[in-house]
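Q: Enclosed is the structure file structure-v2.cif (mmCIF, C-alpha atoms).
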data_target
loop_
_atom_site.label_atom_id
_atom_site.label_comp_id
_atom_site.auth_asym_id
_atom_site.auth_seq_id
_atom_site.Cartn_x
_atom_site.Cartn_y
_atom_site.Cartn_z
CA MET A 1067 1.75 25.71 -1.26
CA LYS A 1068 -1.28 24.82 -3.34
CA VAL A 1069 -2.43 21.19 -3.23
CA LEU A 1070 -4.55 19.46 -5.86
CA ALA A 1071 -6.36 16.42 -4.44
CA LEU A 1072 -7.40 14.21 -7.37
CA GLY A 1073 -10.12 11.84 -6.23
CA GLY A 1074 -10.29 13.89 -3.06
CA PRO A 1075 -13.91 13.02 -2.14
CA GLY A 1076 -13.17 9.28 -2.26
CA ALA A 1077 -12.82 7.27 0.93
CA MET A 1078 -9.02 7.44 1.09
CA GLY A 1079 -8.70 10.83 -0.53
CA ALA A 1080 -11.10 12.44 1.95
CA VAL A 1081 -9.08 11.16 4.92
CA ALA A 1082 -5.92 12.61 3.42
CA VAL A 1083 -7.59 15.93 2.58
CA ARG A 1084 -9.08 16.36 6.06
CA LEU A 1085 -5.66 15.86 7.65
CA ALA A 1086 -3.86 17.92 5.02
CA ALA A 1087 -6.19 20.86 5.69
CA ARG A 1088 -4.65 21.11 9.16
CA LEU A 1089 -1.02 20.99 8.02
CA PRO A 1090 1.09 24.16 8.17
CA GLY A 1091 2.38 25.57 4.92
CA ILE A 1092 -0.70 24.84 2.81
CA GLU A 1093 -2.33 27.88 1.27
CA GLU A 1094 -5.07 26.15 -0.73
CA ILE A 1095 -6.48 22.67 -1.34
CA VAL A 1096 -8.42 22.04 -4.53
CA VAL A 1097 -10.65 18.97 -4.13
CA ALA A 1098 -10.96 17.60 -7.65
CA ASP A 1099 -13.15 14.79 -8.92
CA ARG A 1100 -15.34 13.93 -11.90
CA ASP A 1101 -18.21 14.01 -9.37
CA LEU A 1102 -18.33 17.74 -8.66
CA ALA A 1103 -21.14 17.40 -6.10
CA ALA A 1104 -19.03 15.02 -4.01
CA ALA A 1105 -16.09 17.43 -4.16
CA GLN A 1106 -18.36 20.29 -3.09
CA ARG A 1107 -19.68 18.33 -0.11
CA LEU A 1108 -16.14 17.77 1.18
CA THR A 1109 -15.10 21.39 0.67
CA ALA A 1110 -18.21 22.55 2.52
CA GLU A 1111 -17.18 20.36 5.44
CA LEU A 1112 -13.74 21.99 5.49
CA ARG A 1113 -14.77 25.66 5.31
CA SER A 1114 -13.69 26.23 8.91
CA GLU A 1115 -10.08 25.18 8.26
CA THR A 1116 -7.38 27.82 8.05
CA CYS A 1117 -6.40 27.07 4.45
CA SER A 1118 -8.62 27.88 1.48
CA VAL A 1119 -10.56 24.95 -0.02
CA ARG A 1120 -12.50 24.78 -3.27
CA ALA A 1121 -14.03 22.14 -5.50
CA LEU A 1122 -13.20 21.48 -9.13
CA ARG A 1123 -14.57 19.02 -11.65
CA VAL A 1124 -11.72 17.04 -13.22
CA ASP A 1125 -11.92 13.77 -15.12
CA VAL A 1126 -8.39 12.32 -15.21
CA THR A 1127 -9.14 10.74 -18.60
CA ASP A 1128 -9.45 14.28 -20.04
CA ALA A 1129 -5.76 15.08 -20.64
CA ASP A 1130 -6.29 18.79 -21.25
CA ALA A 1131 -8.45 19.33 -18.14
CA LEU A 1132 -5.99 17.32 -16.05
CA ARG A 1133 -3.03 19.42 -17.13
CA ASP A 1134 -4.93 22.65 -16.62
CA ALA A 1135 -5.68 21.63 -13.03
CA LEU A 1136 -2.09 20.54 -12.41
CA ARG A 1137 -0.57 23.79 -13.71
CA ASP A 1138 -2.19 25.74 -10.90
CA ALA A 1139 -0.89 23.39 -8.16
CA ASP A 1140 2.47 22.95 -6.44
CA VAL A 1141 1.77 19.36 -5.47
CA VAL A 1142 -0.85 16.77 -6.37
CA LEU A 1143 -2.26 13.94 -4.28
CA ASN A 1144 -3.45 11.28 -6.72
CA THR A 1145 -5.95 8.91 -5.11
CA VAL A 1146 -7.64 7.87 -8.37
CA GLY A 1147 -7.50 4.11 -8.84
CA PRO A 1148 -7.02 1.51 -9.98
CA TYR A 1149 -3.44 2.58 -10.59
CA TYR A 1150 -2.84 0.05 -13.33
CA ARG A 1151 -5.16 2.32 -15.34
CA PHE A 1152 -4.62 5.81 -13.95
CA GLY A 1153 -1.23 5.94 -12.21
CA LEU A 1154 1.08 6.42 -15.17
CA PRO A 1155 -0.91 9.05 -17.13
CA VAL A 1156 -1.41 11.27 -14.08
CA LEU A 1157 2.28 11.08 -13.15
CA ARG A 1158 3.28 11.92 -16.73
CA ALA A 1159 1.00 14.95 -16.64
CA ALA A 1160 2.44 16.08 -13.29
CA ILE A 1161 5.98 15.84 -14.64
CA ALA A 1162 4.96 17.80 -17.74
CA THR A 1163 3.49 20.60 -15.60
CA GLY A 1164 6.28 20.62 -12.97
CA THR A 1165 3.95 19.53 -10.16
CA HIS A 1166 5.24 17.52 -7.21
CA TYR A 1167 3.35 14.24 -6.87
CA LEU A 1168 2.25 11.68 -4.26
CA ASP A 1169 -0.03 8.69 -4.73
CA LEU A 1170 -1.24 5.40 -3.28
CA CYS A 1171 -0.15 3.16 -6.16
CA ASP A 1172 -0.44 -0.45 -5.00
CA ASP A 1173 0.07 -2.20 -8.35
CA TRP A 1174 3.58 -3.48 -9.06
CA GLU A 1175 3.49 -3.26 -12.88
CA PRO A 1176 2.69 0.48 -13.12
CA THR A 1177 5.14 1.04 -10.26
CA LEU A 1178 7.95 -0.24 -12.50
CA ARG A 1179 6.77 1.94 -15.39
CA MET A 1180 6.48 4.98 -13.13
CA LEU A 1181 10.01 4.46 -11.82
CA GLU A 1182 11.19 4.62 -15.44
CA LEU A 1183 10.09 8.27 -15.44
CA ASP A 1184 12.76 9.12 -12.85
CA SER A 1185 15.02 10.94 -15.33
CA ALA A 1186 12.12 12.96 -16.73
CA ALA A 1187 11.08 13.98 -13.21
CA ARG A 1188 14.64 15.00 -12.34
CA GLU A 1189 14.89 17.11 -15.47
CA THR A 1190 11.78 19.09 -14.52
CA GLY A 1191 12.57 19.24 -10.78
CA VAL A 1192 9.54 17.17 -9.80
CA CYS A 1193 9.63 15.03 -6.67
CA ALA A 1194 7.23 12.09 -7.03
CA VAL A 1195 6.59 9.69 -4.16
CA ILE A 1196 4.64 6.64 -5.32
CA GLY A 1197 2.86 4.17 -3.03
CA MET A 1198 2.59 6.37 0.10
CA GLY A 1199 -0.28 4.55 1.81
CA ALA A 1200 -0.47 1.58 4.18
CA SER A 1201 0.78 -1.19 1.90
CA PRO A 1202 2.83 0.03 0.15
CA GLY A 1203 3.88 2.97 2.27
CA VAL A 1204 3.89 2.15 5.97
CA SER A 1205 4.95 -1.39 5.05
CA ASN A 1206 8.03 -0.07 3.21
CA LEU A 1207 9.04 2.01 6.20
CA LEU A 1208 8.53 -0.97 8.52
CA ALA A 1209 10.82 -2.95 6.21
CA MET A 1210 13.41 -0.17 6.46
CA ALA A 1211 13.19 -0.26 10.25
CA ALA A 1212 13.73 -4.02 10.28
CA ALA A 1213 16.55 -3.93 7.72
CA ARG A 1214 18.56 -1.19 9.40
CA ALA A 1215 19.00 -3.45 12.44
CA LEU A 1216 21.04 -5.78 10.20
CA ASP A 1217 24.44 -5.53 8.53
CA THR A 1218 23.20 -7.46 5.49
CA VAL A 1219 19.66 -8.40 4.42
CA GLU A 1220 18.86 -11.86 3.09
CA ASP A 1221 15.08 -12.38 3.17
CA LEU A 1222 12.53 -9.59 3.45
CA TYR A 1223 8.74 -9.81 3.73
CA THR A 1224 6.04 -7.17 4.08
CA THR A 1225 2.52 -8.20 5.02
CA TRP A 1226 -1.03 -6.91 5.27
CA PRO A 1227 -4.15 -8.47 6.81
CA VAL A 1228 -7.29 -9.60 5.03
CA ASP A 1229 -9.67 -11.24 7.48
CA VAL A 1230 -7.61 -12.38 10.46
CA PRO A 1231 -8.72 -11.42 13.99
CA ARG A 1232 -7.58 -7.94 15.11
CA GLY A 1233 -6.61 -7.08 11.59
CA ARG A 1234 -9.73 -7.06 9.45
CA THR A 1235 -9.48 -4.59 6.58
CA GLU A 1236 -12.29 -3.04 4.54
CA GLU A 1237 -10.90 -4.44 1.29
CA SER A 1238 -14.15 -6.19 0.45
CA THR A 1239 -16.64 -3.36 0.91
CA ARG A 1240 -18.61 -1.59 -1.80
CA ASP A 1241 -18.16 2.08 -2.51
CA GLY A 1242 -21.84 2.89 -2.85
CA THR A 1243 -21.95 2.55 -6.64
CA ALA A 1244 -23.19 -0.21 -8.91
CA HIS A 1245 -19.60 -1.29 -9.58
CA PRO A 1246 -17.00 -3.01 -7.39
CA PRO A 1247 -14.59 -0.43 -5.88
CA ALA A 1248 -11.12 0.12 -7.31
CA ALA A 1249 -9.56 -1.65 -4.32
CA LEU A 1250 -11.29 -4.90 -5.27
CA LEU A 1251 -10.37 -4.56 -8.94
CA HIS A 1252 -6.78 -4.07 -7.85
CA TRP A 1253 -6.97 -7.13 -5.61
CA MET A 1254 -8.25 -9.36 -8.42
CA GLU A 1255 -5.48 -8.06 -10.69
CA GLN A 1256 -2.86 -8.96 -8.09
CA ILE A 1257 -4.04 -12.50 -7.28
CA SER A 1258 -4.13 -13.58 -10.93
CA GLY A 1259 -1.63 -14.10 -13.73
CA THR A 1260 1.93 -13.80 -12.49
CA ILE A 1261 3.45 -11.42 -9.96
CA SER A 1262 6.93 -10.05 -9.34
CA VAL A 1263 8.86 -11.38 -6.34
CA VAL A 1264 12.52 -11.68 -5.41
CA ARG A 1265 14.15 -15.10 -5.43
CA GLN A 1266 17.82 -15.57 -4.51
CA GLY A 1267 18.41 -11.85 -4.89
CA ARG A 1268 16.83 -11.53 -8.34
CA THR A 1269 13.38 -10.38 -9.41
CA THR A 1270 11.31 -13.08 -11.07
CA ARG A 1271 7.73 -13.77 -12.08
CA GLU A 1272 5.63 -16.54 -10.55
CA PRO A 1273 1.96 -17.33 -9.84
CA PRO A 1274 0.52 -15.63 -6.72
CA LEU A 1275 -0.82 -17.27 -3.54
CA ARG A 1276 2.38 -19.20 -2.82
CA ALA A 1277 2.44 -20.19 0.85
CA VAL A 1278 5.36 -18.78 2.88
CA ARG A 1279 5.95 -20.08 6.38
CA LEU A 1280 7.33 -17.50 8.82
CA GLU A 1281 8.98 -17.96 12.20
CA LEU A 1282 9.15 -14.62 14.04
CA PRO A 1283 10.59 -13.27 17.28
CA GLY A 1284 8.33 -13.81 20.28
CA ASP A 1285 7.54 -17.41 19.28
CA ARG A 1286 5.11 -16.21 16.60
CA SER A 1287 4.68 -18.43 13.58
CA GLY A 1288 2.29 -19.06 10.73
CA THR A 1289 1.79 -18.86 6.98
CA GLY A 1290 1.21 -15.91 4.64
CA TYR A 1291 0.43 -15.96 0.91
CA THR A 1292 2.15 -14.04 -1.88
CA VAL A 1293 0.23 -11.34 -3.71
CA GLY A 1294 1.24 -8.86 -6.38
CA HIS A 1295 2.40 -5.60 -4.78
CA PRO A 1296 5.09 -2.95 -5.26
CA GLU A 1297 7.08 -3.66 -2.08
CA PRO A 1298 9.34 -6.45 -3.37
CA VAL A 1299 10.19 -4.61 -6.59
CA THR A 1300 11.11 -1.34 -4.83
CA LEU A 1301 12.77 -2.89 -1.76
CA HIS A 1302 14.87 -4.99 -4.13
CA ARG A 1303 16.27 -1.71 -5.46
CA THR A 1304 16.72 0.05 -2.13
CA LEU A 1305 17.67 -2.70 0.37
CA HIS A 1306 19.13 -5.31 -2.02
CA PRO A 1307 18.03 -8.53 -0.28
CA THR A 1308 20.23 -11.43 -1.34
CA GLY A 1309 17.56 -14.07 -0.70
CA ASP A 1310 13.79 -13.89 -1.13
CA ALA A 1311 11.39 -10.97 -0.85
CA ALA A 1312 7.63 -10.78 -1.34
CA ASN A 1313 4.48 -9.10 -0.14
CA LEU A 1314 2.19 -11.47 1.78
CA MET A 1315 -1.46 -11.53 2.73
CA ILE A 1316 -2.22 -12.67 6.27
CA VAL A 1317 -5.46 -14.48 5.57
CA THR A 1318 -7.59 -17.36 6.87
CA PRO A 1319 -7.60 -20.70 4.99
CA GLY A 1320 -11.22 -20.38 3.82
CA THR A 1321 -10.65 -16.96 2.28
CA VAL A 1322 -7.38 -17.86 0.56
CA ALA A 1323 -9.06 -21.01 -0.82
CA PHE A 1324 -11.82 -18.86 -2.35
CA LEU A 1325 -9.25 -16.42 -3.73
CA ASP A 1326 -7.48 -19.37 -5.30
CA VAL A 1327 -10.71 -20.45 -7.00
CA LEU A 1328 -11.16 -16.93 -8.38
CA ARG A 1329 -7.51 -16.84 -9.47
CA ARG A 1330 -7.84 -20.04 -11.46
CA ASP A 1331 -11.03 -18.89 -13.15
CA ILE A 1332 -9.55 -15.49 -14.04
CA ASP A 1333 -6.49 -17.20 -15.53
CA ARG A 1334 -8.75 -19.55 -17.53
CA GLY A 1335 -10.69 -16.62 -18.95
CA LYS A 1336 -13.90 -17.56 -17.13
CA LEU A 1337 -13.89 -14.33 -15.10
CA ASP A 1338 -12.54 -10.84 -15.59
CA ASN A 1339 -11.46 -8.61 -12.71
CA ALA A 1340 -14.86 -6.93 -12.36
CA THR A 1341 -16.90 -10.14 -12.33
CA ALA A 1342 -14.40 -11.77 -9.96
CA ALA A 1343 -14.68 -8.78 -7.61
CA ALA A 1344 -18.47 -9.04 -7.72
CA GLU A 1345 -18.19 -12.76 -6.95
CA LEU A 1346 -16.02 -11.95 -3.94
CA LEU A 1347 -18.69 -9.58 -2.64
CA LYS A 1348 -21.43 -12.17 -3.20
CA PRO A 1349 -19.93 -15.66 -3.56
CA GLY A 1350 -21.72 -18.09 -5.84
CA LEU A 1351 -22.66 -21.55 -4.63
CA LEU A 1352 -20.44 -23.52 -7.01
CA ARG A 1353 -17.26 -21.57 -6.35
CA GLY A 1354 -18.05 -21.62 -2.65
CA ILE A 1355 -18.24 -25.40 -2.70
CA ARG A 1356 -14.99 -25.63 -4.66
CA SER A 1357 -13.22 -23.48 -2.08
CA LEU A 1358 -14.60 -25.53 0.83
CA ILE A 1359 -13.20 -28.68 -0.74
CA THR A 1360 -9.69 -27.19 -1.02
CA ALA A 1361 -9.53 -25.06 2.15
CA GLY A 1362 -7.79 -27.83 4.09
CA ARG A 1363 -4.76 -27.53 1.80
CA PHE A 1364 -4.01 -23.97 2.93
CA PRO A 1365 -2.09 -23.57 6.23
CA SER A 1366 -3.40 -20.97 8.67
CA PRO A 1367 -1.79 -17.66 9.70
CA GLY A 1368 -1.23 -19.14 13.15
CA THR A 1369 0.03 -16.52 15.60
CA LEU A 1370 1.39 -14.04 13.05
CA PRO A 1371 0.60 -10.38 13.74
CA PRO A 1372 -1.78 -8.79 11.22
CA PHE A 1373 0.51 -6.09 9.77
CA PHE A 1374 4.31 -6.20 9.91
CA ALA A 1375 7.61 -6.43 8.09
CA VAL A 1376 10.28 -9.01 8.83
CA ALA A 1377 13.88 -9.19 7.70
CA ARG A 1378 16.36 -12.02 8.04
CA GLY A 1379 20.07 -11.41 7.66
CA ARG A 1380 23.41 -11.02 9.42
CA LYS A 1381 24.37 -8.80 12.34
CA ASP A 1382 27.82 -8.97 13.90
CA ASP A 1383 28.42 -12.11 11.85
CA ARG A 1384 25.42 -13.87 13.38
CA SER A 1385 22.06 -14.76 11.85
CA HIS A 1386 19.21 -12.50 13.00
CA THR A 1387 15.49 -12.12 12.39
CA VAL A 1388 14.06 -8.63 12.94
CA LEU A 1389 10.33 -7.95 13.23
CA ALA A 1390 8.89 -4.42 12.88
CA TYR A 1391 5.25 -3.52 13.52
CA LEU A 1392 3.03 -0.69 14.74
CA ALA A 1393 2.21 -0.23 18.39
CA ASP A 1394 -1.46 -0.17 19.29
CA ASP A 1395 -3.18 0.34 22.65
CA SER A 1396 -6.71 -0.52 21.54
CA HIS A 1397 -8.50 -3.26 23.43
CA PRO A 1398 -10.20 -6.39 22.06
CA GLY A 1399 -13.45 -5.37 20.39
CA THR A 1400 -12.12 -1.94 19.38
CA PRO A 1401 -10.65 -1.33 15.92
CA LEU A 1402 -6.97 -1.29 15.13
CA PHE A 1403 -5.55 1.49 12.98
CA ILE A 1404 -5.33 -0.98 10.08
CA ASP A 1405 -8.95 -2.09 10.50
CA ASP A 1406 -10.08 0.98 8.57
CA MET A 1407 -8.41 0.84 5.17
CA SER A 1408 -9.38 4.44 4.39
CA ARG A 1409 -7.66 5.83 7.49
CA ALA A 1410 -4.72 3.44 7.28
CA THR A 1411 -4.09 4.59 3.71
CA GLY A 1412 -5.13 8.25 3.72
CA ILE A 1413 -3.30 9.26 6.89
CA PRO A 1414 0.15 8.09 5.67
CA LEU A 1415 -0.44 9.94 2.40
CA ALA A 1416 -1.05 13.18 4.28
CA LEU A 1417 1.97 12.59 6.52
CA GLY A 1418 4.10 12.06 3.44
CA LEU A 1419 2.69 15.29 2.02
CA SER A 1420 3.78 17.13 5.17
CA GLN A 1421 7.41 16.19 4.44
CA VAL A 1422 7.07 17.49 0.89
CA ILE A 1423 5.36 20.71 2.01
CA ASP A 1424 8.12 21.72 4.43
CA GLY A 1425 10.89 20.81 2.00
CA SER A 1426 12.19 17.75 3.84
CA VAL A 1427 11.29 15.64 0.80
CA ARG A 1428 11.95 17.54 -2.43
CA ARG A 1429 14.64 15.47 -4.16
CA PRO A 1430 13.70 15.41 -7.84
CA GLY A 1431 12.92 12.01 -9.30
CA VAL A 1432 10.40 9.19 -8.88
CA HIS A 1433 10.82 7.51 -5.51
CA PRO A 1434 9.28 4.72 -3.44
CA PRO A 1435 8.61 5.81 0.15
CA GLU A 1436 11.65 4.09 1.63
CA SER A 1437 14.10 6.09 -0.48
CA VAL A 1438 12.97 9.61 0.53
CA ILE A 1439 10.55 9.62 3.49
CA ASP A 1440 12.18 10.13 6.90
CA PRO A 1441 10.95 7.02 8.78
CA ASP A 1442 11.72 8.35 12.28
CA ARG A 1443 9.70 11.50 11.68
CA PHE A 1444 6.95 9.54 9.94
CA PHE A 1445 6.40 7.17 12.87
CA ARG A 1446 6.48 10.10 15.32
CA ASP A 1447 3.85 11.88 13.25
CA LEU A 1448 1.78 8.70 12.96
CA ARG A 1449 1.70 8.13 16.71
CA PRO A 1450 -1.35 10.35 17.50
CA HIS A 1451 -3.39 8.37 14.96
CA LEU A 1452 -2.72 4.97 16.57
CA GLY A 1453 -4.75 5.53 19.74
CA LEU A 1454 -1.61 5.29 21.89
CA SER A 1455 -1.53 6.43 25.50
CA GLY A 1456 1.56 7.54 27.43
CA ASP A 1457 4.87 8.21 25.74
CA GLY A 1458 5.59 4.86 24.12
CA PRO A 1459 6.87 4.62 20.55
CA ALA A 1460 4.67 4.04 17.52
CA LEU A 1461 7.16 1.56 16.08
CA ILE A 1462 8.06 -1.74 17.76
CA VAL A 1463 11.17 -3.62 16.63
CA GLU A 1464 11.94 -7.08 17.99
CA GLN A 1465 14.95 -9.27 17.24
CA HIS A 1466 15.82 -12.92 17.57
CA SER A 1467 19.00 -14.91 16.94
CA PRO A 1468 19.43 -17.51 15.56
CA ALA A 1469 16.79 -16.80 12.90
CA GLY A 1470 14.39 -19.15 11.28
CA ILE A 1471 12.49 -17.63 8.35
CA PRO A 1472 11.24 -18.80 6.04
CA ALA A 1473 10.69 -22.53 5.82
CA HIS A 1474 9.28 -23.31 2.37
#
Rewrite the structure of this file - the entire thing - as structure tokens.
A:
Amino acid sequence: MKVLALGGPGAMGAVAVRLAARLPGIEEIVVADRDLAAAQRLTAELRSETCSVRALRVDVTDADALRDALRDADVVLNTVGPYYRFGLPVLRAAIATGTHYLDLCDDWEPTLRMLELDSAARETGVCAVIGMGASPGVSNLLAMAAARALDTVEDLYTTWPVDVPRGRTEESTRDGTAHPPAALLHWMEQISGTISVVRQGRTTREPPLRAVRLELPGDRSGTGYTVGHPEPVTLHRTLHPTGDAANLMIVTPGTVAFLDVLRRDIDRGKLDNATAAAELLKPGLLRGIRSLITAGRFPSPGTLPPFFAVARGRKDDRSHTVLAYLADDSHPGTPLFIDDMSRATGIPLALGLSQVIDGSVRRPGVHPPESVIDPDRFFRDLRPHLGLSGDGPALIVEQHSPAGIPAH
């Protein structure tokens, strides 16, 4: 198969491309970007791989050039963000050209609009998997692992770490340009305005950064904070929780207090996403003081793990809480898999691609990861990338009964 990697030279795209170049069944990878020199540097690095690689200049805002590139590909990896700007038009173009599609979409609003293209994708035979990264992506499959241990699902939470120990992401790094990276623009979009969550089995809109107290198996407990993300809107469709569902940040009180200051100023029109992202990279004195004053109002993450999914429901007519998380053998002072956002996002994308390439995932339509990706195979394939020794599993599932999440 021929693979088009849009945004391939970017941090996440390059990780996915490097792994994809070693997958069986790929005849050619076209590394496409508006920065042709960057695409050429990556292809030069991959000349020794068995599949053919070449660079191509493509600006996704040029509809004609985008469709021309897509027509020559069997499947496209779209890593061009932010997805609230570029997700929907690239998917539409892929459906129009009959090109299978995977992306890293982490914005809930375009996720809903992309799911509305399901019928169009089915008519053209296109299989589109949206949100196949870390969160969403791995988080959705962790939620599936937790939920399948239950007969019925009541509450369901997915989480990702911001700045907690042993779970520090690279969300707040620059990309080497004069502008904040797309990841930060996305983050500012999802901590402001209103977000979609599930309350009492129904989707609803509410302000972000709501504190959610969790009590987990293994005597772990602490507080996470709601953030706009696709997981609750897709898991509501696939797992049908009857209670509450949300995506949570596991974050220290000082950071969530500063995010709350930015949120309020964005909502008041004092900041836009770009200036708020720049402020996050280099906090100003006044907003820093405001966040210090309010930090005491935000409960800490306590002993919560950095990256997990948790489901509460019924099993054998008893209340259960099920926790699912990734195994990791790394020692204190060495990075976790999720410490490197580029790897944690790009590797799952390539592993999802492998299931499309061999035909395991080809059902036409627009799908979130949990509805088409084989989770057992995915976690087996992920295992070599977690630094695990011995023969232990990549996925850990723990249960406790009676359950106790969440206490609001």
Q: If we count all atoms listed in the file, what is near Ala1186 in chain A at a cut-off of 8 Å, once residues fewer than 3 positions away on the same chain are taken out, given as a list in words?
A: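 The residues that qualify are Ile1161, Leu1183, Glu1189, Thr1190 and Gly1431 of chain A.
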Q: Restricting the calculation to all atoms listed in the file: of A:Pro1430, A:Ala1340, A:Asp1099, A:Asp1442, which residue gets closest to Gly1164 in chain A?
A: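 Looking only at the distances to Gly1164 in chain A, the closest residue turns out to be A:Pro1430.
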Q: Step by step, work through what the PyMOL selection byres ((chain A and resi 1126) around 9) selects in the shown file, and finish by giving those residues as a list in words.
A: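 Selected by the PyMOL selection byres ((chain A and resi 1126) around 9) in this file: Leu1072, Asp1099, Arg1100, Val1124, Asp1125, Thr1127, Asp1128, Ala1129, Ala1131, Leu1132, Val1146, Phe1152, Pro1155 and Val1156 of chain A.
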Q: Within 8 Å of Glu1464 in chain A, counting all atoms listed in the file, which residues qualify if same-chain residues fewer than 3 places away don't, as a list in words?
A: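 Returned residues: Pro1283, Gly1284, Val1388, Leu1389 and Ala1390 of chain A.
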Q: Apply the PyMOL selection byres ((chain A and resi 1080-1083) around 8) to the displayed file and report the matching residues as a tab-separated table (two decimals) with C-alpha atoms, keeping the file's coordinate frame.
A:
chain	number	residue	atom	x	y	z
A	1071	ALA	CA	-6.36	16.42	-4.44
A	1074	GLY	CA	-10.29	13.89	-3.06
A	1075	PRO	CA	-13.91	13.02	-2.14
A	1076	GLY	CA	-13.17	9.28	-2.26
A	1077	ALA	CA	-12.82	7.27	0.93
A	1078	MET	CA	-9.02	7.44	1.09
A	1079	GLY	CA	-8.70	10.83	-0.53
A	1084	ARG	CA	-9.08	16.36	6.06
A	1085	LEU	CA	-5.66	15.86	7.65
A	1086	ALA	CA	-3.86	17.92	5.02
A	1087	ALA	CA	-6.19	20.86	5.69
A	1095	ILE	CA	-6.48	22.67	-1.34
A	1097	VAL	CA	-10.65	18.97	-4.13
A	1108	LEU	CA	-16.14	17.77	1.18
A	1408	SER	CA	-9.38	4.44	4.39
A	1409	ARG	CA	-7.66	5.83	7.49
A	1412	GLY	CA	-5.13	8.25	3.72
A	1413	ILE	CA	-3.30	9.26	6.89
A	1414	PRO	CA	0.15	8.09	5.67
A	1415	LEU	CA	-0.44	9.94	2.40
A	1416	ALA	CA	-1.05	13.18	4.28
Q: For the file shown, report as a PyMOL selection string the outcome of the PyMOL selection byres ((chain A and resi 1453-1457) around 9) at residue level.
A: chain A and resi 1393-1396+1402-1403+1449-1452+1458-1460
Q: Measuring atom to atom with only C-alpha atoms, identify which of A:Asn1339, A:Gln1421, A:Ser1426, A:Thr1163 is nearest to Glu1255 in chain A.
A: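 Going through A:Asn1339, A:Gln1421, A:Ser1426, A:Thr1163 one by one, the smallest distance to Glu1255 in chain A is for A:Asn1339.
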Q: Give me, please, the distance in Å between CA of Pro1434 in chain A and CA of Val1376 in chain A, quoted to one decimal.
A: 18.4 Å
Q: Can you tell me, as an MDAnalysis selection string, what residues are no more than 10 Å from Ala1375 in chain A when counting all atoms listed in the file, ignoring any on the same chain fewer than 6 positions away?
A: chainID A and resid 1204:1213 1222:1226 1313:1314 1388:1392 1463
